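*Asks:* The following file, input_38.cif, comprises mmCIF, C-alpha atoms and all ligand atoms:
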```
data_entry
#
loop_
_atom_site.label_atom_id
_atom_site.label_comp_id
_atom_site.auth_asym_id
_atom_site.auth_seq_id
_atom_site.Cartn_x
_atom_site.Cartn_y
_atom_site.Cartn_z
CA MET A 1 -101.83 17.17 -13.11
CA VAL A 2 -101.49 13.44 -13.84
CA ASN A 3 -101.25 12.98 -17.61
CA PHE A 4 -103.46 10.15 -18.87
CA SER A 5 -103.77 11.81 -22.30
CA LEU A 6 -102.43 10.16 -25.46
CA GLU A 7 -102.70 13.36 -27.54
CA GLY A 8 -99.96 13.48 -30.16
CA LYS A 9 -99.00 9.83 -29.64
CA LEU A 10 -98.92 7.12 -32.33
CA ALA A 11 -99.97 3.65 -31.18
CA LEU A 12 -99.48 0.36 -33.04
CA VAL A 13 -101.73 -2.47 -31.85
CA THR A 14 -101.01 -5.84 -33.46
CA GLY A 15 -103.83 -8.17 -34.46
CA ALA A 16 -106.41 -5.44 -33.83
CA SER A 17 -109.14 -5.91 -36.47
CA TYR A 18 -111.44 -7.03 -33.66
CA GLY A 19 -111.40 -8.47 -30.16
CA ILE A 20 -109.19 -7.15 -27.38
CA GLY A 21 -106.84 -5.36 -29.80
CA PHE A 22 -109.69 -3.42 -31.34
CA ALA A 23 -111.00 -2.33 -27.92
CA LEU A 24 -107.53 -1.14 -26.85
CA ALA A 25 -106.93 0.76 -30.10
CA LYS A 26 -110.35 2.43 -29.79
CA ALA A 27 -109.55 3.45 -26.21
CA PHE A 28 -106.22 4.90 -27.35
CA ALA A 29 -108.00 6.91 -30.06
CA ASP A 30 -110.56 8.11 -27.51
CA ALA A 31 -107.60 9.29 -25.39
CA GLY A 32 -106.23 11.29 -28.36
CA ALA A 33 -103.82 8.89 -30.04
CA LYS A 34 -103.43 8.17 -33.75
CA VAL A 35 -103.78 4.39 -34.12
CA VAL A 36 -102.39 1.93 -36.63
CA PHE A 37 -102.91 -1.84 -36.59
CA ASN A 38 -102.08 -4.98 -38.52
CA ASP A 39 -103.68 -8.28 -39.31
CA ILE A 40 -102.61 -11.25 -41.39
CA SER A 41 -105.02 -10.79 -44.29
CA GLN A 42 -106.16 -7.84 -46.39
CA GLU A 43 -109.73 -8.99 -45.83
CA MET A 44 -109.36 -8.70 -42.05
CA VAL A 45 -107.49 -5.40 -42.34
CA ASP A 46 -110.29 -4.00 -44.50
CA LYS A 47 -112.91 -5.23 -42.01
CA GLY A 48 -110.93 -3.61 -39.23
CA ILE A 49 -110.65 -0.27 -41.04
CA ALA A 50 -114.41 -0.28 -41.59
CA ALA A 51 -115.04 -1.12 -37.93
CA TYR A 52 -112.79 1.73 -36.76
CA LYS A 53 -114.47 4.10 -39.26
CA ALA A 54 -117.85 3.14 -37.81
CA GLU A 55 -116.50 4.38 -34.48
CA GLY A 56 -115.29 7.62 -36.06
CA ILE A 57 -111.66 6.50 -35.93
CA ASP A 58 -109.33 7.00 -38.93
CA ALA A 59 -107.09 3.97 -38.30
CA LYS A 60 -104.52 2.82 -40.84
CA GLY A 61 -104.24 -0.94 -41.26
CA TYR A 62 -101.36 -3.04 -42.57
CA VAL A 63 -101.18 -6.65 -43.70
CA CYS A 64 -98.42 -8.19 -41.62
CA ASP A 65 -97.74 -11.57 -40.01
CA VAL A 66 -95.98 -10.81 -36.72
CA THR A 67 -93.90 -13.99 -37.04
CA SER A 68 -92.19 -12.65 -40.19
CA GLU A 69 -89.25 -10.38 -39.37
CA ASP A 70 -89.18 -9.12 -42.98
CA GLN A 71 -92.90 -8.25 -42.95
CA VAL A 72 -92.66 -6.60 -39.52
CA ASN A 73 -89.60 -4.51 -40.44
CA ALA A 74 -91.27 -3.45 -43.70
CA MET A 75 -94.50 -2.54 -41.85
CA VAL A 76 -92.70 -0.46 -39.21
CA ALA A 77 -90.68 1.35 -41.92
CA GLN A 78 -93.91 2.04 -43.86
CA ILE A 79 -95.66 3.34 -40.72
CA GLU A 80 -92.71 5.60 -39.92
CA ALA A 81 -92.71 6.91 -43.51
CA GLU A 82 -96.49 7.34 -43.79
CA VAL A 83 -97.58 8.24 -40.25
CA GLY A 84 -94.68 8.73 -37.85
CA VAL A 85 -92.58 7.12 -35.14
CA ILE A 86 -94.44 4.59 -32.99
CA ASP A 87 -94.74 5.86 -29.41
CA VAL A 88 -96.82 2.97 -28.06
CA LEU A 89 -96.67 -0.68 -29.12
CA VAL A 90 -99.24 -3.21 -27.94
CA ASN A 91 -98.22 -6.79 -28.72
CA ASN A 92 -101.75 -8.16 -28.83
CA ALA A 93 -101.78 -10.60 -31.77
CA GLY A 94 -102.03 -14.15 -30.51
CA ILE A 95 -103.55 -17.59 -30.97
CA ILE A 96 -104.36 -20.55 -28.77
CA LYS A 97 -104.56 -24.24 -29.60
CA ARG A 98 -106.42 -26.33 -27.03
CA MET A 99 -105.62 -30.06 -26.88
CA PRO A 100 -104.00 -32.52 -24.42
CA MET A 101 -100.24 -31.93 -24.56
CA HIS A 102 -99.46 -35.54 -25.41
CA GLU A 103 -101.70 -35.22 -28.48
CA MET A 104 -100.14 -31.93 -29.67
CA SER A 105 -97.67 -32.05 -32.54
CA ALA A 106 -94.38 -30.22 -32.21
CA ALA A 107 -95.47 -28.15 -35.22
CA ASP A 108 -98.60 -26.99 -33.40
CA PHE A 109 -96.56 -26.20 -30.27
CA ARG A 110 -94.06 -24.25 -32.33
CA GLN A 111 -96.79 -22.26 -34.10
CA VAL A 112 -98.26 -21.03 -30.81
CA ILE A 113 -94.82 -20.11 -29.48
CA ASP A 114 -94.01 -18.41 -32.81
CA ILE A 115 -97.06 -16.14 -32.80
CA ASP A 116 -97.49 -15.56 -29.06
CA LEU A 117 -93.83 -15.18 -28.03
CA ASN A 118 -91.53 -14.82 -31.05
CA GLY A 119 -93.96 -12.32 -32.61
CA PRO A 120 -93.84 -9.89 -29.67
CA PHE A 121 -90.02 -10.15 -29.67
CA ILE A 122 -89.86 -9.40 -33.41
CA VAL A 123 -92.22 -6.42 -33.24
CA ALA A 124 -90.65 -4.96 -30.09
CA LYS A 125 -87.19 -5.30 -31.66
CA ALA A 126 -88.45 -3.43 -34.74
CA VAL A 127 -89.86 -0.43 -32.82
CA ILE A 128 -87.19 0.00 -30.11
CA PRO A 129 -84.53 1.72 -32.31
CA SER A 130 -86.84 4.67 -33.06
CA MET A 131 -87.96 4.80 -29.42
CA LEU A 132 -84.28 5.02 -28.43
CA LYS A 133 -83.75 7.91 -30.87
CA LYS A 134 -86.88 9.63 -29.54
CA GLY A 135 -85.85 9.07 -25.93
CA ALA A 136 -89.22 7.60 -24.97
CA GLY A 137 -91.49 4.65 -25.65
CA LYS A 138 -94.17 2.36 -24.25
CA ILE A 139 -94.40 -1.36 -24.93
CA ILE A 140 -97.39 -3.31 -23.61
CA ASN A 141 -97.44 -7.09 -23.99
CA ILE A 142 -100.78 -8.87 -23.67
CA CYS A 143 -100.04 -11.72 -21.30
CA SER A 144 -102.62 -13.99 -19.67
CA MET A 145 -103.80 -15.88 -16.58
CA MET A 146 -101.62 -18.53 -18.19
CA SER A 147 -98.59 -16.35 -17.53
CA GLU A 148 -99.11 -17.48 -13.90
CA LEU A 149 -101.30 -20.59 -13.97
CA GLY A 150 -101.57 -23.79 -15.97
CA ARG A 151 -104.58 -25.78 -16.96
CA GLU A 152 -105.33 -28.84 -19.06
CA THR A 153 -105.03 -28.53 -22.88
CA VAL A 154 -103.15 -25.20 -23.08
CA ALA A 155 -99.49 -26.24 -22.65
CA ALA A 156 -98.14 -24.31 -25.66
CA TYR A 157 -100.15 -21.20 -24.83
CA ALA A 158 -99.08 -21.21 -21.17
CA ALA A 159 -95.43 -21.69 -22.18
CA ALA A 160 -95.71 -18.78 -24.60
CA LYS A 161 -97.48 -16.45 -22.19
CA GLY A 162 -95.12 -17.38 -19.36
CA GLY A 163 -92.24 -16.53 -21.64
CA LEU A 164 -93.95 -13.29 -22.65
CA LYS A 165 -94.11 -12.28 -18.96
CA MET A 166 -90.34 -12.70 -18.69
CA LEU A 167 -89.68 -11.02 -22.06
CA THR A 168 -91.68 -8.07 -20.68
CA LYS A 169 -89.51 -7.93 -17.55
CA ASN A 170 -86.33 -8.21 -19.62
CA ILE A 171 -87.24 -5.43 -22.03
CA ALA A 172 -88.08 -3.30 -18.98
CA SER A 173 -84.70 -4.13 -17.48
CA GLU A 174 -82.66 -3.50 -20.64
CA TYR A 175 -84.35 -0.27 -21.84
CA GLY A 176 -85.68 1.40 -18.71
CA GLU A 177 -82.69 3.77 -18.54
CA PHE A 178 -83.68 5.09 -21.98
CA ASN A 179 -87.16 6.07 -20.80
CA ILE A 180 -88.79 3.08 -22.49
CA GLN A 181 -91.29 1.35 -20.22
CA CYS A 182 -92.37 -2.22 -20.96
CA ASN A 183 -95.29 -3.68 -19.03
CA GLY A 184 -97.82 -6.44 -19.49
CA ILE A 185 -101.57 -6.68 -19.19
CA GLY A 186 -102.81 -10.05 -17.98
CA PRO A 187 -106.48 -10.30 -18.92
CA GLY A 188 -108.68 -12.75 -17.07
CA TYR A 189 -111.27 -14.63 -19.08
CA ILE A 190 -112.61 -12.20 -21.68
CA ALA A 191 -115.57 -12.75 -24.01
CA THR A 192 -114.01 -12.66 -27.49
CA PRO A 193 -113.89 -15.04 -30.49
CA GLN A 194 -110.85 -16.69 -28.89
CA THR A 195 -112.88 -17.89 -25.91
CA ALA A 196 -116.18 -18.44 -27.72
CA PRO A 197 -115.71 -22.25 -27.68
CA LEU A 198 -115.56 -22.10 -23.86
CA ARG A 199 -118.90 -20.29 -23.64
CA GLU A 200 -120.99 -22.24 -26.14
CA ILE A 201 -124.52 -22.96 -24.93
CA GLN A 202 -124.93 -26.74 -24.56
CA PRO A 203 -127.47 -28.75 -26.63
CA ASP A 204 -129.76 -28.86 -23.57
CA GLY A 205 -129.60 -25.05 -23.34
CA SER A 206 -127.33 -25.07 -20.28
CA ARG A 207 -124.15 -23.06 -19.92
CA HIS A 208 -120.84 -24.64 -21.07
CA PRO A 209 -119.26 -26.32 -18.01
CA PHE A 210 -116.15 -24.16 -18.45
CA ASP A 211 -118.33 -21.04 -18.52
CA SER A 212 -119.83 -22.01 -15.14
CA PHE A 213 -116.34 -22.87 -13.87
CA ILE A 214 -114.97 -19.42 -14.74
CA ILE A 215 -117.96 -17.66 -13.19
CA ALA A 216 -117.25 -19.60 -9.95
CA LYS A 217 -113.52 -18.77 -10.13
CA THR A 218 -114.05 -15.05 -10.69
CA PRO A 219 -115.01 -12.85 -7.69
CA ALA A 220 -116.67 -10.47 -10.18
CA ALA A 221 -118.84 -13.49 -11.13
CA ARG A 222 -118.72 -12.63 -14.82
CA TRP A 223 -116.55 -12.90 -17.93
CA GLY A 224 -114.60 -9.76 -18.72
CA THR A 225 -115.23 -7.65 -21.79
CA PRO A 226 -112.51 -6.22 -24.03
CA GLU A 227 -113.61 -2.78 -22.78
CA ASP A 228 -112.66 -3.80 -19.21
CA LEU A 229 -109.04 -3.73 -20.41
CA ALA A 230 -109.22 -0.26 -21.99
CA GLY A 231 -108.56 1.90 -18.92
CA PRO A 232 -105.56 -0.16 -17.73
CA ALA A 233 -104.13 -0.02 -21.25
CA VAL A 234 -104.53 3.75 -21.54
CA PHE A 235 -102.83 4.10 -18.14
CA LEU A 236 -99.86 1.97 -19.24
CA ALA A 237 -99.67 3.82 -22.58
CA SER A 238 -99.71 7.26 -20.93
CA GLU A 239 -97.13 9.34 -19.11
CA ALA A 240 -99.06 8.60 -15.91
CA SER A 241 -97.22 5.25 -15.81
CA ASN A 242 -93.69 6.52 -16.53
CA PHE A 243 -92.35 4.97 -13.31
CA VAL A 244 -94.20 1.68 -13.83
CA ASN A 245 -91.84 -0.75 -15.55
CA GLY A 246 -91.68 -4.54 -15.81
CA HIS A 247 -95.10 -4.91 -14.22
CA ILE A 248 -97.80 -7.34 -15.31
CA LEU A 249 -101.13 -5.67 -14.55
CA TYR A 250 -103.70 -8.45 -14.12
CA VAL A 251 -107.17 -7.32 -15.14
CA ASP A 252 -109.01 -10.48 -14.17
CA GLY A 253 -111.97 -9.59 -11.95
CA GLY A 254 -109.99 -11.09 -9.05
CA ILE A 255 -109.37 -14.63 -10.37
CA LEU A 256 -105.74 -14.74 -9.23
CA ALA A 257 -106.76 -13.67 -5.69
CA TYR A 258 -109.56 -16.22 -5.24
CA ILE A 259 -109.66 -19.93 -4.39
CA GLY A 260 -113.06 -20.18 -6.05
CA LYS A 261 -116.67 -20.24 -4.91
CA GLN A 262 -117.43 -23.11 -2.57
CA PRO A 263 -119.92 -25.63 -3.98
CA LYS A 264 -123.35 -25.12 -2.34
P1 LIG A 301 -108.75 -13.20 -31.02
O1 LIG A 301 -110.16 -12.78 -30.91
O2 LIG A 301 -108.42 -14.58 -31.42
O3 LIG A 301 -107.93 -12.15 -31.95
C1 LIG A 301 -106.56 -12.40 -32.15
C2 LIG A 301 -106.09 -11.42 -33.20
O4 LIG A 301 -104.71 -11.70 -33.50
C3 LIG A 301 -106.87 -11.56 -34.51
O5 LIG A 301 -107.06 -10.27 -35.08
C4 LIG A 301 -105.91 -12.38 -35.37
O6 LIG A 301 -106.06 -12.16 -36.75
C5 LIG A 301 -104.58 -11.81 -34.91
N1 LIG A 301 -103.45 -12.68 -35.28
C6 LIG A 301 -103.34 -14.02 -35.07
N2 LIG A 301 -102.17 -14.46 -35.55
C7 LIG A 301 -101.51 -13.39 -36.08
C8 LIG A 301 -100.26 -13.19 -36.74
N3 LIG A 301 -99.42 -14.21 -36.97
N4 LIG A 301 -99.94 -11.95 -37.14
C9 LIG A 301 -100.79 -10.91 -36.95
N5 LIG A 301 -101.99 -11.01 -36.34
C10 LIG A 301 -102.34 -12.24 -35.92
O7 LIG A 301 -108.05 -12.99 -29.60
P2 LIG A 301 -108.43 -12.05 -28.38
O8 LIG A 301 -109.28 -12.80 -27.42
O9 LIG A 301 -108.85 -10.70 -28.87
O10 LIG A 301 -106.98 -11.97 -27.70
C11 LIG A 301 -106.05 -10.96 -28.06
C12 LIG A 301 -104.83 -11.19 -27.21
O11 LIG A 301 -105.22 -11.28 -25.82
C13 LIG A 301 -104.12 -12.52 -27.50
O12 LIG A 301 -102.72 -12.36 -27.34
C14 LIG A 301 -104.65 -13.46 -26.41
O13 LIG A 301 -103.73 -14.52 -26.14
C15 LIG A 301 -104.75 -12.52 -25.27
N6 LIG A 301 -105.67 -12.91 -24.20
C16 LIG A 301 -106.97 -13.19 -24.47
C17 LIG A 301 -107.83 -13.50 -23.39
C18 LIG A 301 -109.29 -13.84 -23.59
O14 LIG A 301 -109.90 -14.35 -22.64
N7 LIG A 301 -109.87 -13.57 -24.75
C19 LIG A 301 -107.34 -13.50 -22.10
C20 LIG A 301 -105.97 -13.25 -21.89
C21 LIG A 301 -105.15 -12.94 -22.95
P3 LIG A 301 -106.95 -13.17 -37.64
O15 LIG A 301 -108.34 -13.12 -37.08
O16 LIG A 301 -106.86 -12.62 -39.02
O17 LIG A 301 -106.33 -14.54 -37.48
C1 LIG A 302 -108.24 -20.92 -22.05
C2 LIG A 302 -108.50 -19.47 -22.38
C3 LIG A 302 -107.52 -18.59 -21.64
C4 LIG A 302 -107.74 -17.17 -22.01
C5 LIG A 302 -106.78 -16.27 -21.32
C6 LIG A 302 -106.92 -16.29 -19.84
O1 LIG A 302 -108.41 -21.76 -22.93
O2 LIG A 302 -107.86 -21.16 -20.89
O3 LIG A 302 -108.42 -19.25 -23.77
O4 LIG A 302 -106.21 -18.99 -21.93
O5 LIG A 302 -107.55 -16.97 -23.38
O6 LIG A 302 -105.46 -16.47 -21.72
O7 LIG A 302 -106.12 -15.24 -19.31
#
```
For this file, write the structure as C-alpha cells.
*Replies:*
Amino acid sequence: MVNFSLEGKLALVTGASYGIGFALAKAFADAGAKVVFNDISQEMVDKGIAAYKAEGIDAKGYVCDVTSEDQVNAMVAQIEAEVGVIDVLVNNAGIIKRMPMHEMSAADFRQVIDIDLNGPFIVAKAVIPSMLKKGAGKIINICSMMSELGRETVAAYAAAKGGLKMLTKNIASEYGEFNIQCNGIGPGYIATPQTAPLREIQPDGSRHPFDSFIIAKTPAARWGTPEDLAGPAVFLASEASNFVNGHILYVDGGILAYIGKQPK
C-alpha cells in the first residue's frame, strides 16, 4: 500500500505562525506528524501556538530568525533535545519587497536574498547531519512562480526563488544517495497576508487590477488557498515520494501552462 502517512515523523516548518506554513504544518499534523515551527518574534510564536491549539494541534514554537546561523543551529539542537530528530523540513519562511528594481537599494535586495535563499541554505545545512545519521530525510523548499517567471517590481524575490529552485536541485543531487529527498513546491498566487496588497478592493469597490490579471492568467480562475498546497506537501513529506527528488511541484491552478484568457 502506498504510504502517505506521516505517523511517527517530526516536521519543522519555518515561518509557520500563519499563512502557507501554518496550513502545511496543520496538514502534516492531520497526517500523523509531530510539528514544530519558528517565527522571528515571541509574540508571533505565541500567536501561532494558540492557533495550532485551536485546531487541536500541540505544536512547539521557537523564536528563530532563519538568516542567523547561530539561532538556527541553537533551535535545531533544542528541537533534537526536546522533541527529536527532524524528519521533514519545510523551508517556508520568506518575504517579498515590491518596487521597481532601479529604485531598490542594495540593502533591500540583500535582505530578500538573505531570508528567501540564504535562510533555506542555513536551515537545510543544520538538519542534514541528523538526517544522514538517520539514513532518511525530506526537505521541501517553498519556491514560487517567480522561480520560473519574472514580472515588474519583484527582481530580488525572483532572483531568490530562482536560486532556491537550483539549491533544491543541488541538495537533491548531493544527498539523494543517502535517502534524503529534496523537492520544491511552487505555489501559484495564494491568498495570504503576503499577497493581500495585490487583492485590495479599489476605492470604487472594483477588484485590484492585479487581482483581475491573476484570475485571467489562472485556468482555475481563482486565487489559490494555503489549503490547496496541503496535499502536495504531505505527498512530498511522505514515503510515497521516496523516488521523487529534485522536482519542483507547481501547485498553481495551471498558470504556467496557460497563455492567459483572451480579452473579450
Ligand atoms: P507570509 O504570509 O508573509 O508569511 C511569511 C512567514 O515567514 C511569516 O510567518 C513571517 O514571520 C515568516 N518570516 C519572515 N522572515 C523570517 C525570518 N527571517 N525568519 C523566520 N521567519 C520569517 O507569506 P506566505 O504567503 O504564507 O508565504 C510563505 C512562503 O510561500 C514564502 O516563502 C513565500 O515566498 C512563498 N510563496 C507565497 C505565495 C503566495 O502567493 N502567497 C506564492 C508562492 C510562494 P513574521 O510574520 O513574524 O514576519
Ligand atoms: C507577486 C506575488 C508572487 C507570489 C508568488 C507567486 O508580487 O508577484 O507576491 O510573487 O507571492 O511568489 O508564486
*Asks:* Can I get the residues close to ligand LIG 301 (chain A) as a ChimeraX atom specification, where close means within 7 Å and we count only C-alpha atoms and all ligand atoms?
*Replies:* /A:14-21,38-41,44,64-67,92-96,115-116,142-145,186-195
*Asks:* Region 86-89 of chain A: which residues within 7 Å, counting all atoms listed in the file, same-chain residues fewer than 3 positions away excluded, as an mmCIF file with C-alpha atoms, in the coordinates of the input?
*Replies:*
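Dumped everything to around34.cif:
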```
data_model
loop_
_atom_site.group_PDB
_atom_site.id
_atom_site.type_symbol
_atom_site.label_atom_id
_atom_site.label_comp_id
_atom_site.auth_asym_id
_atom_site.auth_seq_id
_atom_site.Cartn_x
_atom_site.Cartn_y
_atom_site.Cartn_z
ATOM 1 C CA LYS A 9 -99.000 9.830 -29.640
ATOM 2 C CA LEU A 10 -98.920 7.120 -32.330
ATOM 3 C CA ALA A 11 -99.970 3.650 -31.180
ATOM 4 C CA LEU A 12 -99.480 0.360 -33.040
ATOM 5 C CA VAL A 13 -101.730 -2.470 -31.850
ATOM 6 C CA VAL A 127 -89.860 -0.430 -32.820
ATOM 7 C CA MET A 131 -87.960 4.800 -29.420
ATOM 8 C CA GLY A 137 -91.490 4.650 -25.650
ATOM 9 C CA LYS A 138 -94.170 2.360 -24.250
ATOM 10 C CA ILE A 139 -94.400 -1.360 -24.930
ATOM 11 C CA ILE A 140 -97.390 -3.310 -23.610
ATOM 12 C CA ALA A 237 -99.670 3.820 -22.580
#
```
*Asks:* Find the residues near region 48-59 of chain A: any atom within 6 Å, counting all atoms listed in the file, skip ones fewer than 2 places away on the same chain, and give them as a list in words.
*Replies:*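 Contacts, with the query itself left out: Ser17, Val35, Val36, Val45 and Asp46 of chain A.
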*Asks:* How many Å lie between CA of Val76 (chain A) and CA of Gly246 (chain A), rounded to one decimal?
*Replies:*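 Result for CA of Val76 (chain A) versus CA of Gly246 (chain A): 23.8 Å, one decimal.
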*Asks:* With 3 Å of padding per side, what axis-aligned box (centre and edge lengths, Å, one decimal) covers all the listed atoms of ligand LIG 302 (chain A)? Give it as lines of an AutoDock Vina configuration file.
*Replies:*
```
center_x = -107.0
center_y = -18.5
center_z = -21.5
size_x = 9.0
size_y = 12.5
size_z = 10.5
```
*Asks:* Give me the residues within 12 Å of His102 (chain A) as a PDB file with C-alpha atoms, in the coordinates of the input, counting only C-alpha atoms and dropping any in the same chain fewer than 2 places off.
*Replies:*
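Contents of out24.pdb, as written:
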```pdb
ATOM      1  CA  ARG A  98    -106.420 -26.330 -27.030  1.00  0.00           C
ATOM      2  CA  MET A  99    -105.620 -30.060 -26.880  1.00  0.00           C
ATOM      3  CA  PRO A 100    -104.000 -32.520 -24.420  1.00  0.00           C
ATOM      4  CA  MET A 104    -100.140 -31.930 -29.670  1.00  0.00           C
ATOM      5  CA  SER A 105     -97.670 -32.050 -32.540  1.00  0.00           C
ATOM      6  CA  ALA A 106     -94.380 -30.220 -32.210  1.00  0.00           C
ATOM      7  CA  ASP A 108     -98.600 -26.990 -33.400  1.00  0.00           C
ATOM      8  CA  PHE A 109     -96.560 -26.200 -30.270  1.00  0.00           C
ATOM      9  CA  GLU A 152    -105.330 -28.840 -19.060  1.00  0.00           C
ATOM     10  CA  THR A 153    -105.030 -28.530 -22.880  1.00  0.00           C
ATOM     11  CA  VAL A 154    -103.150 -25.200 -23.080  1.00  0.00           C
ATOM     12  CA  ALA A 155     -99.490 -26.240 -22.650  1.00  0.00           C
ATOM     13  CA  ALA A 156     -98.140 -24.310 -25.660  1.00  0.00           C
TER      14      ALA A 156
END
```
*Asks:* Select, from A:Ala196, A:Ile171, A:Leu132, A:Ile248, the residue with the minimum atom-to-atom distance to Trp223 (chain A), counting all atoms listed in the file.
*Replies:*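 Counting all atoms listed in the file, the residue closest to Trp223 (chain A) is A:Ala196.
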*Asks:* So, counting only C-alpha atoms, which residue among A:Gly150, A:Gly84, A:Gly224, A:Gly163 is closest to Phe121 (chain A)?
*Replies:*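 Closest to Phe121 (chain A) of all the choices is A:Gly163.
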*Asks:* Pick the closest to ligand LIG 302 (chain A) from A:Ile201, A:Leu149, A:Ala230, A:Met166: which is it, counting only C-alpha atoms and all ligand atoms?
*Replies:*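 Nearest to ligand LIG 302 (chain A): A:Leu149.
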*Asks:* I'd like to know which of A:Lys125, A:His208, A:His247, A:Lys261 is closest to Asn73 (chain A), using all atoms listed in the file.
*Replies:*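 Residue with the minimum atom-to-atom distance to Asn73 (chain A): A:Lys125.
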*Asks:* As an exercise, work out the distance from atom O4 of ligand LIG 302 (chain A) to CA of Leu198 (chain A) in Å and give it to one decimal place.
*Replies:* 10.0 Å
*Asks:* Which residue gives the smallest distance to Phe235 (chain A) among A:Pro120, A:Gly135, A:Gly184, A:Gly162, with all atoms listed in the file counted?
*Replies:* A:Gly184
*Asks:* When distances are computed from all atoms listed in the file, which of A:Ser68, A:Ser5, A:Asn141, A:Asn91 shows the smallest separation from Val234 (chain A)?
*Replies:*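 Result for the nearest residue to Val234 (chain A): A:Ser5.
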*Asks:* What is the CA of Lys134 (chain A) to CA of Leu117 (chain A) distance in Å?
*Replies:* 25.8 Å
